[in-house]
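Asks: What follows is model29.cif; its format and atoms are mmCIF, C-alpha atoms.
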data_start
loop_
_atom_site.label_atom_id
_atom_site.label_comp_id
_atom_site.auth_asym_id
_atom_site.auth_seq_id
_atom_site.Cartn_x
_atom_site.Cartn_y
_atom_site.Cartn_z
CA MET Y 103 14.20 6.84 0.91
CA ASP Y 104 14.76 3.78 3.07
CA LEU Y 105 13.68 3.65 6.66
CA ILE Y 106 15.86 2.32 9.44
CA LEU Y 107 14.26 2.02 12.86
CA THR Y 108 16.46 1.38 15.88
CA GLN Y 109 15.47 -0.82 18.80
CA GLU Y 110 15.01 2.30 20.93
CA THR Y 111 12.57 3.88 18.46
CA ILE Y 112 10.53 0.70 18.14
CA ASN Y 113 10.43 0.31 21.94
CA LYS Y 114 9.09 3.86 22.24
CA LEU Y 115 6.37 3.24 19.63
CA GLU Y 116 5.38 -0.03 21.30
CA ASP Y 117 5.17 1.65 24.72
CA ILE Y 118 2.83 4.31 23.30
CA MET Y 119 0.58 1.66 21.70
CA GLN Y 120 0.55 -0.27 24.97
CA LYS Y 121 -0.31 2.76 27.13
CA GLU Y 122 -2.88 4.45 24.89
CA LEU Y 123 -4.57 1.50 23.20
CA LEU Y 124 -3.76 -2.03 24.39
CA GLU Y 125 -4.23 -1.22 28.09
CA HIS Y 126 -7.73 0.02 27.27
CA GLY Y 127 -8.76 -3.36 25.92
CA VAL Y 128 -8.13 -3.13 22.18
CA ASP Y 129 -7.12 -6.46 20.65
CA HIS Y 130 -4.30 -5.36 18.40
CA ALA Y 131 -2.61 -2.17 17.23
CA PHE Y 132 -0.02 -1.67 14.54
CA ILE Y 133 1.73 0.92 12.41
CA VAL Y 134 1.93 0.40 8.67
CA ASP Y 135 3.57 2.59 6.05
CA SER Y 136 2.04 3.69 2.77
CA ALA Y 137 3.95 0.94 0.92
CA GLY Y 138 2.27 -1.73 3.06
CA ASN Y 139 5.27 -2.45 5.32
CA LEU Y 140 4.37 -3.43 8.85
CA ILE Y 141 6.47 -1.11 11.03
CA THR Y 142 5.58 -2.41 14.48
CA GLU Y 143 2.71 -4.21 16.15
CA GLY Y 144 1.40 -5.49 19.44
CA GLY Y 145 -1.60 -7.44 20.69
CA LYS Y 146 -3.36 -10.78 20.43
CA PHE Y 147 -3.03 -11.75 16.77
CA PRO Y 148 -0.03 -13.73 15.47
CA PRO Y 149 2.39 -11.72 13.27
CA GLU Y 150 1.74 -14.00 10.25
CA ASP Y 151 -1.90 -12.83 10.30
CA ILE Y 152 -0.97 -9.19 10.77
CA MET Y 153 1.46 -9.01 7.83
CA PRO Y 154 -1.13 -9.60 5.04
CA LEU Y 155 -3.64 -7.55 7.01
CA ALA Y 156 -1.18 -4.63 7.07
CA ALA Y 157 -0.71 -4.86 3.28
CA LEU Y 158 -4.46 -4.92 2.66
CA LEU Y 159 -5.30 -2.17 5.14
CA SER Y 160 -2.60 0.12 3.80
CA ALA Y 161 -4.02 -0.37 0.28
CA ASN Y 162 -7.54 0.10 1.67
CA PHE Y 163 -6.51 3.40 3.26
CA ALA Y 164 -4.76 4.58 0.08
CA ALA Y 165 -7.78 3.63 -2.04
CA THR Y 166 -10.13 5.53 0.29
CA GLU Y 167 -7.88 8.56 0.09
CA ARG Y 168 -8.02 8.35 -3.71
CA ILE Y 169 -11.83 8.07 -3.58
CA ALA Y 170 -11.89 11.23 -1.44
CA LYS Y 171 -9.85 13.10 -4.05
CA LEU Y 172 -12.12 11.92 -6.87
CA ILE Y 173 -15.14 13.51 -5.19
CA GLY Y 174 -13.24 16.68 -4.33
CA GLU Y 175 -12.44 15.88 -0.68
CA LYS Y 176 -8.89 16.16 0.69
CA ASP Y 177 -9.30 13.16 2.94
CA PHE Y 178 -11.96 11.31 4.95
CA THR Y 179 -11.31 12.12 8.57
CA LEU Y 180 -12.77 8.90 9.91
CA LEU Y 181 -12.10 5.50 8.41
CA PHE Y 182 -13.66 2.70 10.37
CA HIS Y 183 -14.86 -0.83 9.57
CA LYS Y 184 -17.56 -2.35 11.73
CA GLY Y 185 -17.89 -6.12 12.02
CA SER Y 186 -20.04 -8.40 14.16
CA ARG Y 187 -17.10 -9.30 16.44
CA PHE Y 188 -14.23 -7.04 15.41
CA ASN Y 189 -13.91 -3.46 14.28
CA ILE Y 190 -10.98 -1.69 12.63
CA HIS Y 191 -10.06 1.96 13.13
CA PHE Y 192 -7.53 3.87 11.00
CA GLY Y 193 -5.65 7.00 12.04
CA ARG Y 194 -3.18 8.87 9.88
CA ILE Y 195 0.07 9.63 11.72
CA ASN Y 196 1.64 11.61 8.87
CA GLN Y 197 2.10 11.34 5.11
CA ASP Y 198 3.93 8.01 5.42
CA PHE Y 199 2.42 6.15 8.38
CA ILE Y 200 -0.98 4.91 9.52
CA LEU Y 201 -1.99 3.65 12.96
CA VAL Y 202 -4.45 0.75 12.76
CA THR Y 203 -6.43 -0.51 15.75
CA LEU Y 204 -8.39 -3.77 15.90
CA PHE Y 205 -10.93 -3.94 18.70
CA ASN Y 206 -13.93 -6.03 19.69
CA THR Y 207 -17.49 -4.88 20.26
CA GLU Y 208 -16.92 -4.51 24.03
CA VAL Y 209 -14.63 -1.53 23.44
CA SER Y 210 -16.27 1.73 22.37
CA LEU Y 211 -15.29 3.54 19.17
CA GLY Y 212 -15.02 6.81 21.12
CA LEU Y 213 -12.40 5.35 23.43
CA VAL Y 214 -10.40 4.03 20.46
CA ARG Y 215 -10.59 7.38 18.66
CA LEU Y 216 -9.40 9.20 21.76
CA GLY Y 217 -6.59 6.67 22.34
CA SER Y 218 -5.53 6.91 18.69
CA ILE Y 219 -5.38 10.71 18.79
CA LYS Y 220 -3.24 10.63 21.95
CA ALA Y 221 -1.01 7.89 20.51
CA ILE Y 222 -0.52 9.75 17.22
CA GLU Y 223 0.46 12.95 19.04
CA GLN Y 224 3.20 11.04 20.85
CA MET Y 225 4.27 8.94 17.86
CA LEU Y 226 4.79 11.89 15.52
CA PRO Y 227 7.99 13.24 17.14
CA VAL Y 228 9.36 9.69 17.51
CA LEU Y 229 8.86 8.91 13.80
CA GLN Y 230 10.06 12.33 12.68
CA SER Y 231 13.29 11.92 14.60
CA MET W 1327 11.38 1.87 0.28
CA ALA W 1328 13.09 -0.98 2.08
CA PHE W 1329 12.40 -1.03 5.77
CA ILE W 1330 15.01 -2.12 8.29
CA ASP W 1331 13.89 -3.16 11.75
CA LEU W 1332 16.90 -3.34 14.05
CA LYS W 1333 14.87 -4.64 16.99
CA ARG W 1334 13.66 -7.75 15.17
CA LYS W 1335 16.79 -7.76 12.97
CA GLU W 1336 14.85 -7.81 9.72
CA ILE W 1337 14.99 -6.16 6.31
CA ARG W 1338 11.63 -5.90 4.54
CA ALA W 1339 11.56 -5.12 0.84
CA LYS W 1340 8.76 -4.87 -1.70
CA LEU W 1341 8.80 -6.77 -4.99
CA VAL W 1342 6.12 -6.05 -7.60
CA TYR W 1343 5.16 -8.28 -10.54
CA TYR W 1344 4.04 -5.95 -13.35
CA GLY W 1345 2.82 -6.60 -16.89
CA PRO W 1346 -0.18 -6.72 -19.22
CA GLY W 1347 -3.47 -8.36 -18.20
CA ARG W 1348 -3.57 -12.17 -18.28
CA GLY W 1349 0.19 -12.35 -18.73
CA GLY W 1350 0.77 -14.72 -15.80
CA LYS W 1351 1.79 -12.48 -12.89
CA THR W 1352 -0.54 -14.18 -10.43
CA THR W 1353 0.44 -17.61 -11.83
CA ASN W 1354 4.09 -16.83 -10.98
CA VAL W 1355 3.20 -15.94 -7.40
CA LEU W 1356 0.86 -18.92 -7.04
CA HIS W 1357 3.65 -21.25 -8.15
CA ILE W 1358 6.01 -19.75 -5.54
CA HIS W 1359 3.32 -20.09 -2.88
CA LYS W 1360 2.59 -23.71 -3.83
CA THR W 1361 6.19 -24.90 -4.01
CA MET W 1362 8.02 -22.99 -1.28
CA ALA W 1363 8.36 -24.46 2.21
CA LYS W 1364 5.70 -23.20 4.59
CA GLU W 1365 8.35 -22.03 7.09
CA VAL W 1366 9.59 -19.38 4.66
CA CYS W 1367 6.35 -18.56 2.88
CA GLY W 1368 3.53 -16.66 4.61
CA LYS W 1369 -0.17 -16.45 3.82
CA MET W 1370 -1.09 -15.49 0.27
CA VAL W 1371 -3.83 -12.94 -0.19
CA THR W 1372 -5.53 -12.39 -3.50
CA ILE W 1373 -8.29 -10.03 -4.50
CA ASP W 1374 -9.69 -11.08 -7.85
CA THR W 1375 -12.92 -10.93 -9.76
CA ARG W 1376 -15.09 -13.90 -10.63
CA GLY W 1377 -13.19 -14.30 -13.88
CA ASP W 1378 -9.91 -14.90 -11.99
CA ARG W 1379 -8.52 -11.53 -12.97
CA THR W 1380 -6.66 -9.57 -10.34
CA LEU W 1381 -8.81 -6.70 -9.17
CA PHE W 1382 -6.56 -5.03 -6.63
CA PHE W 1383 -3.44 -7.09 -5.99
CA ASP W 1384 -2.03 -10.41 -4.79
CA PHE W 1385 0.25 -10.44 -1.78
CA LEU W 1386 2.74 -13.04 -0.56
CA PRO W 1387 5.37 -12.56 2.16
CA LEU W 1388 8.58 -14.63 1.83
CA THR W 1389 11.68 -15.07 3.96
CA ILE W 1390 14.71 -15.63 1.76
CA GLY W 1391 17.72 -15.77 4.04
CA LYS W 1392 20.07 -13.58 6.04
CA ILE W 1393 22.56 -10.87 5.31
CA MET W 1394 24.71 -8.93 7.81
CA ASN W 1395 22.83 -10.83 10.54
CA LEU W 1396 19.49 -9.43 9.32
CA THR W 1397 16.66 -11.70 8.10
CA ILE W 1398 15.46 -10.71 4.64
CA ARG W 1399 11.73 -10.69 4.12
CA ILE W 1400 10.35 -9.95 0.69
CA GLN W 1401 6.74 -8.96 0.22
CA ILE W 1402 5.57 -9.91 -3.25
CA TYR W 1403 2.74 -7.96 -4.86
CA THR W 1404 1.15 -8.24 -8.29
CA VAL W 1405 -0.70 -5.43 -10.04
CA PRO W 1406 -3.93 -5.71 -12.02
CA GLY W 1407 -2.81 -5.73 -15.65
CA GLN W 1408 -5.84 -4.26 -17.38
CA VAL W 1409 -5.34 -0.78 -18.77
CA LEU W 1410 -8.32 0.51 -16.78
CA TYR W 1411 -6.73 -0.04 -13.38
CA ASN W 1412 -3.83 2.41 -13.52
CA ASP W 1413 -4.73 4.08 -10.22
CA THR W 1414 -4.49 0.73 -8.48
CA ARG W 1415 -1.16 -0.03 -10.15
CA LYS W 1416 0.21 3.28 -8.89
CA LEU W 1417 -0.91 2.44 -5.36
CA VAL W 1418 0.76 -0.98 -5.47
CA LEU W 1419 3.98 0.50 -6.89
CA ARG W 1420 4.40 2.83 -3.89
CA GLY W 1421 7.67 2.14 -2.12
CA VAL W 1422 8.73 -0.57 -4.57
CA ASP W 1423 12.23 -2.08 -4.20
CA GLY W 1424 12.26 -4.42 -7.21
CA ILE W 1425 10.13 -5.21 -10.26
CA VAL W 1426 9.57 -8.30 -12.40
CA PHE W 1427 7.94 -7.37 -15.70
CA VAL W 1428 6.00 -10.41 -16.94
CA ALA W 1429 5.55 -10.14 -20.71
CA ASP W 1430 3.13 -12.37 -22.61
CA SER W 1431 4.63 -14.40 -25.47
CA LEU W 1432 1.35 -14.52 -27.41
CA ARG W 1433 1.78 -12.69 -30.71
CA VAL W 1434 -1.52 -10.83 -30.19
CA GLN W 1435 -0.05 -9.41 -26.97
CA GLN W 1436 2.87 -7.71 -28.70
CA ASP W 1437 1.40 -4.19 -28.42
CA PRO W 1438 -0.09 -4.65 -24.91
CA ASN W 1439 3.39 -5.75 -23.70
CA VAL W 1440 5.01 -2.59 -25.03
CA GLU W 1441 2.16 -0.44 -23.74
CA SER W 1442 2.34 -1.98 -20.25
CA LEU W 1443 6.13 -1.45 -20.06
CA ARG W 1444 5.67 2.17 -21.13
CA ASN W 1445 2.98 2.52 -18.45
CA LEU W 1446 5.39 1.10 -15.83
CA LEU W 1447 8.11 3.59 -16.75
CA GLU W 1448 5.59 6.44 -16.64
CA ASN W 1449 4.23 5.39 -13.26
CA LEU W 1450 7.76 5.12 -11.87
CA ARG W 1451 8.54 8.57 -13.21
CA ASP W 1452 5.42 9.94 -11.46
CA ASP W 1453 6.85 8.52 -8.24
CA ARG W 1454 10.21 10.14 -9.04
CA LEU W 1455 11.86 6.77 -9.66
CA THR W 1456 13.79 5.36 -12.61
CA VAL W 1457 14.73 1.85 -13.74
CA GLU W 1458 18.32 2.73 -12.89
CA GLU W 1459 17.31 3.08 -9.24
CA VAL W 1460 14.82 0.23 -8.97
CA PRO W 1461 16.10 -3.24 -9.96
CA LEU W 1462 14.09 -4.68 -12.85
CA VAL W 1463 14.11 -8.02 -14.66
CA LEU W 1464 11.97 -9.18 -17.57
CA GLN W 1465 10.24 -12.50 -17.89
CA TYR W 1466 8.96 -13.80 -21.23
CA ASN W 1467 6.12 -15.99 -20.08
CA LYS W 1468 4.05 -18.72 -21.80
CA ARG W 1469 7.00 -20.15 -23.78
CA ASP W 1470 5.27 -23.54 -23.50
CA LEU W 1471 2.83 -22.31 -26.18
CA ALA W 1472 5.62 -22.84 -28.73
CA GLU W 1473 4.53 -26.49 -28.68
CA SER W 1474 1.00 -25.53 -29.76
CA LYS W 1475 -0.29 -23.95 -32.96
CA ILE W 1476 -0.95 -20.62 -31.27
CA PRO W 1477 1.27 -17.90 -32.84
CA ILE W 1478 3.84 -16.62 -30.38
CA LEU W 1479 6.60 -14.03 -30.48
CA SER W 1480 10.20 -15.16 -30.84
CA LEU W 1481 12.59 -14.35 -27.98
CA GLU W 1482 14.50 -12.04 -30.35
CA GLU W 1483 11.33 -10.08 -31.11
CA MET W 1484 10.53 -9.75 -27.42
CA GLU W 1485 14.07 -8.64 -26.61
CA HIS W 1486 13.86 -6.07 -29.42
CA ASP W 1487 10.44 -4.78 -28.33
CA LEU W 1488 11.06 -4.60 -24.62
CA ASN W 1489 14.71 -4.82 -23.74
CA ARG W 1490 16.76 -3.12 -26.43
CA GLU W 1491 16.93 0.12 -24.45
CA LEU W 1492 16.72 -1.26 -20.94
CA GLY W 1493 19.33 -4.02 -21.29
CA VAL W 1494 18.19 -5.76 -18.08
CA PRO W 1495 18.32 -9.54 -17.41
CA SER W 1496 15.52 -11.48 -19.10
CA PHE W 1497 14.22 -15.01 -18.58
CA LYS W 1498 12.00 -17.27 -20.61
CA ALA W 1499 9.35 -18.96 -18.56
CA SER W 1500 6.21 -21.01 -18.36
CA ALA W 1501 4.72 -19.96 -15.05
CA LEU W 1502 1.94 -22.52 -15.48
CA ARG W 1503 4.55 -25.31 -15.50
CA GLY W 1504 6.77 -23.53 -13.01
CA GLU W 1505 9.61 -23.16 -15.52
CA GLY W 1506 11.69 -20.01 -15.16
CA VAL W 1507 9.75 -18.81 -12.11
CA TYR W 1508 12.56 -19.36 -9.61
CA GLU W 1509 15.28 -18.22 -12.02
CA THR W 1510 13.44 -14.89 -12.30
CA LEU W 1511 12.84 -14.63 -8.56
CA ARG W 1512 16.47 -15.50 -7.76
CA GLU W 1513 17.84 -12.79 -10.07
CA ILE W 1514 15.52 -10.03 -8.87
CA SER W 1515 16.08 -10.97 -5.20
CA LYS W 1516 19.84 -10.84 -5.73
CA ARG W 1517 19.57 -7.39 -7.31
CA MET W 1518 17.21 -6.08 -4.62
CA ILE W 1519 19.43 -7.33 -1.82
CA ARG W 1520 22.47 -5.79 -3.47
CA ALA W 1521 20.68 -2.43 -3.70
CA VAL W 1522 19.45 -2.58 -0.09
CA THR W 1523 22.87 -3.69 1.23
CA THR W 1524 24.59 -0.83 -0.53
CA LYS W 1525 22.19 1.58 1.16
CA LEU W 1526 22.67 -0.19 4.49
CA ARG W 1527 26.45 0.11 4.27
CA SER W 1528 26.12 3.78 3.42
CA HIS W 1529 24.05 4.20 6.60
CA GLN W 1530 26.87 2.38 8.46
CA VAL W 1531 24.51 0.06 10.30
#
Starting from the file, give its structure as structure tokens.
Replies:
Amino acid sequence: MDLILTQETINKLEDIMQKELLEHGVDHAFIVDSAGNLITEGGKFPPEDIMPLAALLSANFAATERIAKLIGEKDFTLLFHKGSRFNIHFGRINQDFILVTLFNTEVSLGLVRLGSIKAIEQMLPVLQS
Amino acid sequence: MAFIDLKRKEIRAKLVYYGPGRGGKTTNVLHIHKTMAKEVCGKMVTIDTRGDRTLFFDFLPLTIGKIMNLTIRIQIYTVPGQVLYNDTRKLVLRGVDGIVFVADSLRVQQDPNVESLRNLLENLRDDRLTVEEVPLVLQYNKRDLAESKIPILSLEEMEHDLNRELGVPSFKASALRGEGVYETLREISKRMIRAVTTKLRSHQV
């Protein structure tokens, strides 16, 4: 199955990321599919940095999911990397897509989790259509 | 699963280099990274162990031209070749649009080549894919060893072992010297683009 996203769909996804995440101070947000394709992104980092990051984070997410299965869990509900300057939060949109948020230590994890949940709720119908 | 972004006017497709451990998959990608112009070649990412063996995958994004006014970006991945890492190989194969199978010409690698190809076909089948659907080319790597005393397989033997049923294009190569690397990449890119374009036309974009 190939995926074709129109300009209108991408604009909608970008507006949701802007409203629910970027306006609250997160540094970058993007959607990646389970094959490692960067679907859409917005924020401070240049796209050439985000492309390899998307491939690695998609694999990271898939590996974590596999780890969960190996210990008898369906999934880990929270996947989060904490750094000294930047943190990364993962949210599953559906079987095929993941929402990744990069944020600095001045933004709270709670705010990002809340923003991600709201964003995912709005992104689901857009991606399903 | 090729991805078509009509806002940025881009097609993104995934190419995977597959094959037995130490066959030269990473060397192929390193050669491409070293020799391609920086404007078309993105940042290469590799996750390997201390012994230079790929642990998870290598990743290299490339821009290879335009078709139907859409820029074509190929994301190259390699898989870890060792038998042990099949779960990782399955992860990397997800959504694949084209495959280069890098076979090792060393005579001692005859069985691992066949085993790795069988493993590829099995993993594709698990993903409900077949080699008829996903473009595949073979590369017989390390042909430069013919000049040494190390026993290597003849091209006929390799064709018989790996390609007699598949009948896909095959290339001899020495990835270390850069020979055959671009010939292989050109053929698989052509086949991937053809497959994606056919799908695009059927979607009437």
Asks: In terms of the shortest atom-to-atom distance over only C-alpha atoms, which of W:Val1428, W:Leu1417, W:Ile1398, W:Val1457 is closest to W:Gly1506?
Replies: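 For W:Gly1506, the nearest of the candidates is W:Val1428.
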Asks: Give me, please, the distance in Å between atom CA of W:Leu1419 and atom CA of W:Arg1512, quoted to one decimal.
Replies: 20.3 Å
Asks: Counting all atoms listed in the file, which residues in chain Y sit no more than 10 Å from chain W? For each one, give the nearest pair of atoms and the distance in Å, sorted by chain then residue number, as CSV.
Replies:
residue,atom,partner,partner_atom,distance
Y:Met103,CA,W:Met1327,CA,5.7
Y:Asp104,CA,W:Met1327,CA,4.8
Y:Leu105,CA,W:Phe1329,CA,4.9
Y:Ile106,CA,W:Ile1330,CA,4.7
Y:Leu107,CA,W:Asp1331,CA,5.3
Y:Thr108,CA,W:Leu1332,CA,5.1
Y:Gln109,CA,W:Lys1333,CA,4.3
Y:Glu110,CA,W:Lys1333,CA,8.0
Y:Thr111,CA,W:Lys1333,CA,8.9
Y:Ile112,CA,W:Lys1333,CA,7.0
Y:Asn113,CA,W:Lys1333,CA,8.3
Y:Asp135,CA,W:Gly1421,CA,9.2
Y:Ser136,CA,W:Arg1420,CA,7.1
Y:Ala137,CA,W:Gly1421,CA,5.0
Y:Gly138,CA,W:Gly1421,CA,8.4
Y:Asn139,CA,W:Arg1338,CA,7.3
Y:Leu140,CA,W:Arg1338,CA,8.8
Y:Ile141,CA,W:Asp1331,CA,7.7
Y:Thr142,CA,W:Asp1331,CA,8.8
Y:Glu150,CA,W:Gly1368,CA,6.5
Y:Asp151,CA,W:Lys1369,CA,7.6
Y:Met153,CA,W:Pro1387,CA,7.7
Y:Pro154,CA,W:Val1371,CA,6.8
Y:Leu155,CA,W:Val1371,CA,9.0
Y:Ala157,CA,W:Phe1385,CA,7.6
Y:Leu158,CA,W:Phe1385,CA,8.5
Y:Ser160,CA,W:Leu1417,CA,9.6
Y:Ala161,CA,W:Leu1417,CA,7.0
Y:Asn162,CA,W:Phe1382,CA,9.8
Y:Ala164,CA,W:Leu1417,CA,7.0
Y:Ala165,CA,W:Leu1417,CA,7.7
Y:Arg168,CA,W:Asp1413,CA,8.5
Asks: Just to confirm, what's the straight-line distance from atom CA of W:Asn1489 to atom CA of W:Asp1453 in Å (one decimal)?
Replies: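 About the pair atom CA of W:Asn1489 and atom CA of W:Asp1453: they are 21.9 Å apart.
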Asks: Can you give me, as a list in words, the residues this file yields under the PyMOL selection byres ((chain W and resi 1438) around 10)?
Replies: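 Matching residues under the PyMOL selection byres ((chain W and resi 1438) around 10) are Gly1345, Pro1346, Gly1347, Gly1349, Gly1407, Gln1408, Val1409, Ala1429, Asp1430, Val1434, Gln1435, Gln1436, Asp1437, Asn1439, Val1440, Glu1441, Ser1442, Leu1443 and Arg1444 of chain W.
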Asks: Can I get the selection written as a short mmCIF file (atom, residue, chain, number, x, y, z; two decimals), in the frame of the given file, with C-alpha atoms?
Replies:
data_model
loop_
_atom_site.label_atom_id
_atom_site.label_comp_id
_atom_site.auth_asym_id
_atom_site.auth_seq_id
_atom_site.Cartn_x
_atom_site.Cartn_y
_atom_site.Cartn_z
CA GLY W 1345 2.82 -6.60 -16.89
CA PRO W 1346 -0.18 -6.72 -19.22
CA GLY W 1347 -3.47 -8.36 -18.20
CA GLY W 1349 0.19 -12.35 -18.73
CA GLY W 1407 -2.81 -5.73 -15.65
CA GLN W 1408 -5.84 -4.26 -17.38
CA VAL W 1409 -5.34 -0.78 -18.77
CA ALA W 1429 5.55 -10.14 -20.71
CA ASP W 1430 3.13 -12.37 -22.61
CA VAL W 1434 -1.52 -10.83 -30.19
CA GLN W 1435 -0.05 -9.41 -26.97
CA GLN W 1436 2.87 -7.71 -28.70
CA ASP W 1437 1.40 -4.19 -28.42
CA ASN W 1439 3.39 -5.75 -23.70
CA VAL W 1440 5.01 -2.59 -25.03
CA GLU W 1441 2.16 -0.44 -23.74
CA SER W 1442 2.34 -1.98 -20.25
CA LEU W 1443 6.13 -1.45 -20.06
CA ARG W 1444 5.67 2.17 -21.13
#
Asks: To one decimal place, how far is atom CA of Y:Glu167 from atom CA of Y:Arg194 in Å?
Replies: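 Pair atom CA of Y:Glu167 / atom CA of Y:Arg194 returns 10.9 Å.
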Asks: Can you work out which one of Y:Gln224, Y:Gln230, Y:Thr203, Y:Ser210 has the shortest atom-to-atom distance to Y:His130, counting only C-alpha atoms?
Replies: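 Smallest separation from Y:His130 among the options: Y:Thr203.
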Asks: Leaving out W:Glu1365 and any residue of its chain fewer than 5 positions from it, which residues lie within 12 Å of it when counting all atoms listed in the file, given as a count of residues only?
Replies: 7
Asks: Which one is closest to W:Ile1476: W:Ser1515, W:Asn1449, W:Thr1456, W:Ser1431? Count only C-alpha atoms.
Replies: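 Of all the options, W:Ser1431 lies closest to W:Ile1476.
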Asks: Just checking: using all atoms listed in the file, which residue out of Y:Ala221, Y:Val134, Y:Leu201, Y:Leu211 ends up closest to Y:Lys114?
Replies: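 For Y:Lys114, the nearest of the candidates is Y:Ala221.
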Asks: For the structure shown, which residues end up in the PyMOL selection byres ((chain Y and resi 125) around 12)? Put them as a ChimeraX atom specification, please?
Replies: /Y:116-124,126-131,144-145,205,209,213-214,217
Asks: Next, the residues of the selection above should be written as a PDB file, keeping the file's coordinate frame with C-alpha atoms.
Replies:
ATOM      1  CA  GLU Y 116       5.380  -0.030  21.300  1.00  0.00           C
ATOM      2  CA  ASP Y 117       5.170   1.650  24.720  1.00  0.00           C
ATOM      3  CA  ILE Y 118       2.830   4.310  23.300  1.00  0.00           C
ATOM      4  CA  MET Y 119       0.580   1.660  21.700  1.00  0.00           C
ATOM      5  CA  GLN Y 120       0.550  -0.270  24.970  1.00  0.00           C
ATOM      6  CA  LYS Y 121      -0.310   2.760  27.130  1.00  0.00           C
ATOM      7  CA  GLU Y 122      -2.880   4.450  24.890  1.00  0.00           C
ATOM      8  CA  LEU Y 123      -4.570   1.500  23.200  1.00  0.00           C
ATOM      9  CA  LEU Y 124      -3.760  -2.030  24.390  1.00  0.00           C
ATOM     10  CA  HIS Y 126      -7.730   0.020  27.270  1.00  0.00           C
ATOM     11  CA  GLY Y 127      -8.760  -3.360  25.920  1.00  0.00           C
ATOM     12  CA  VAL Y 128      -8.130  -3.130  22.180  1.00  0.00           C
ATOM     13  CA  ASP Y 129      -7.120  -6.460  20.650  1.00  0.00           C
ATOM     14  CA  HIS Y 130      -4.300  -5.360  18.400  1.00  0.00           C
ATOM     15  CA  ALA Y 131      -2.610  -2.170  17.230  1.00  0.00           C
ATOM     16  CA  GLY Y 144       1.400  -5.490  19.440  1.00  0.00           C
ATOM     17  CA  GLY Y 145      -1.600  -7.440  20.690  1.00  0.00           C
ATOM     18  CA  PHE Y 205     -10.930  -3.940  18.700  1.00  0.00           C
ATOM     19  CA  VAL Y 209     -14.630  -1.530  23.440  1.00  0.00           C
ATOM     20  CA  LEU Y 213     -12.400   5.350  23.430  1.00  0.00           C
ATOM     21  CA  VAL Y 214     -10.400   4.030  20.460  1.00  0.00           C
ATOM     22  CA  GLY Y 217      -6.590   6.670  22.340  1.00  0.00           C
TER      23      GLY Y 217
END
Asks: Find, counting all atoms listed in the file, the residue in W:Ile1393, W:Gly1504, W:Lys1516, W:Asp1374 that gets nearest to W:Met1362.
Replies: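 Using all atoms listed in the file, W:Met1362 sits closest to W:Gly1504.
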Asks: Find the residues around Y:Thr166 up to 9 Å (all atoms listed in the file counted), leave out those fewer than 3 positions away in its own chain, and share them as a list in words.
Replies: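 Answer for this query is Ala161, Asn162, Phe163, Ile169, Ala170, Lys171, Asp177, Phe178 and Leu181 of chain Y.
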Asks: Name the residues in contact with stretch 1460-1472 of chain W at a cut-off of 7 Å, using only C-alpha atoms, excluding same-chain residues fewer than 4 positions from it; report them as a PyMOL selection string.
Replies: chain W and resi 1350+1423-1431+1456+1476+1478+1494-1501+1510+1514+1517-1518
Asks: So which residues fall inside 8 Å of (-8.6, -4.7, 11.4) if we count only C-alpha atoms? Mind giving them as JSON, numbers by chain?
Replies: {"Y": [155, 159, 183, 188, 189, 190, 191, 202, 203, 204, 205]}
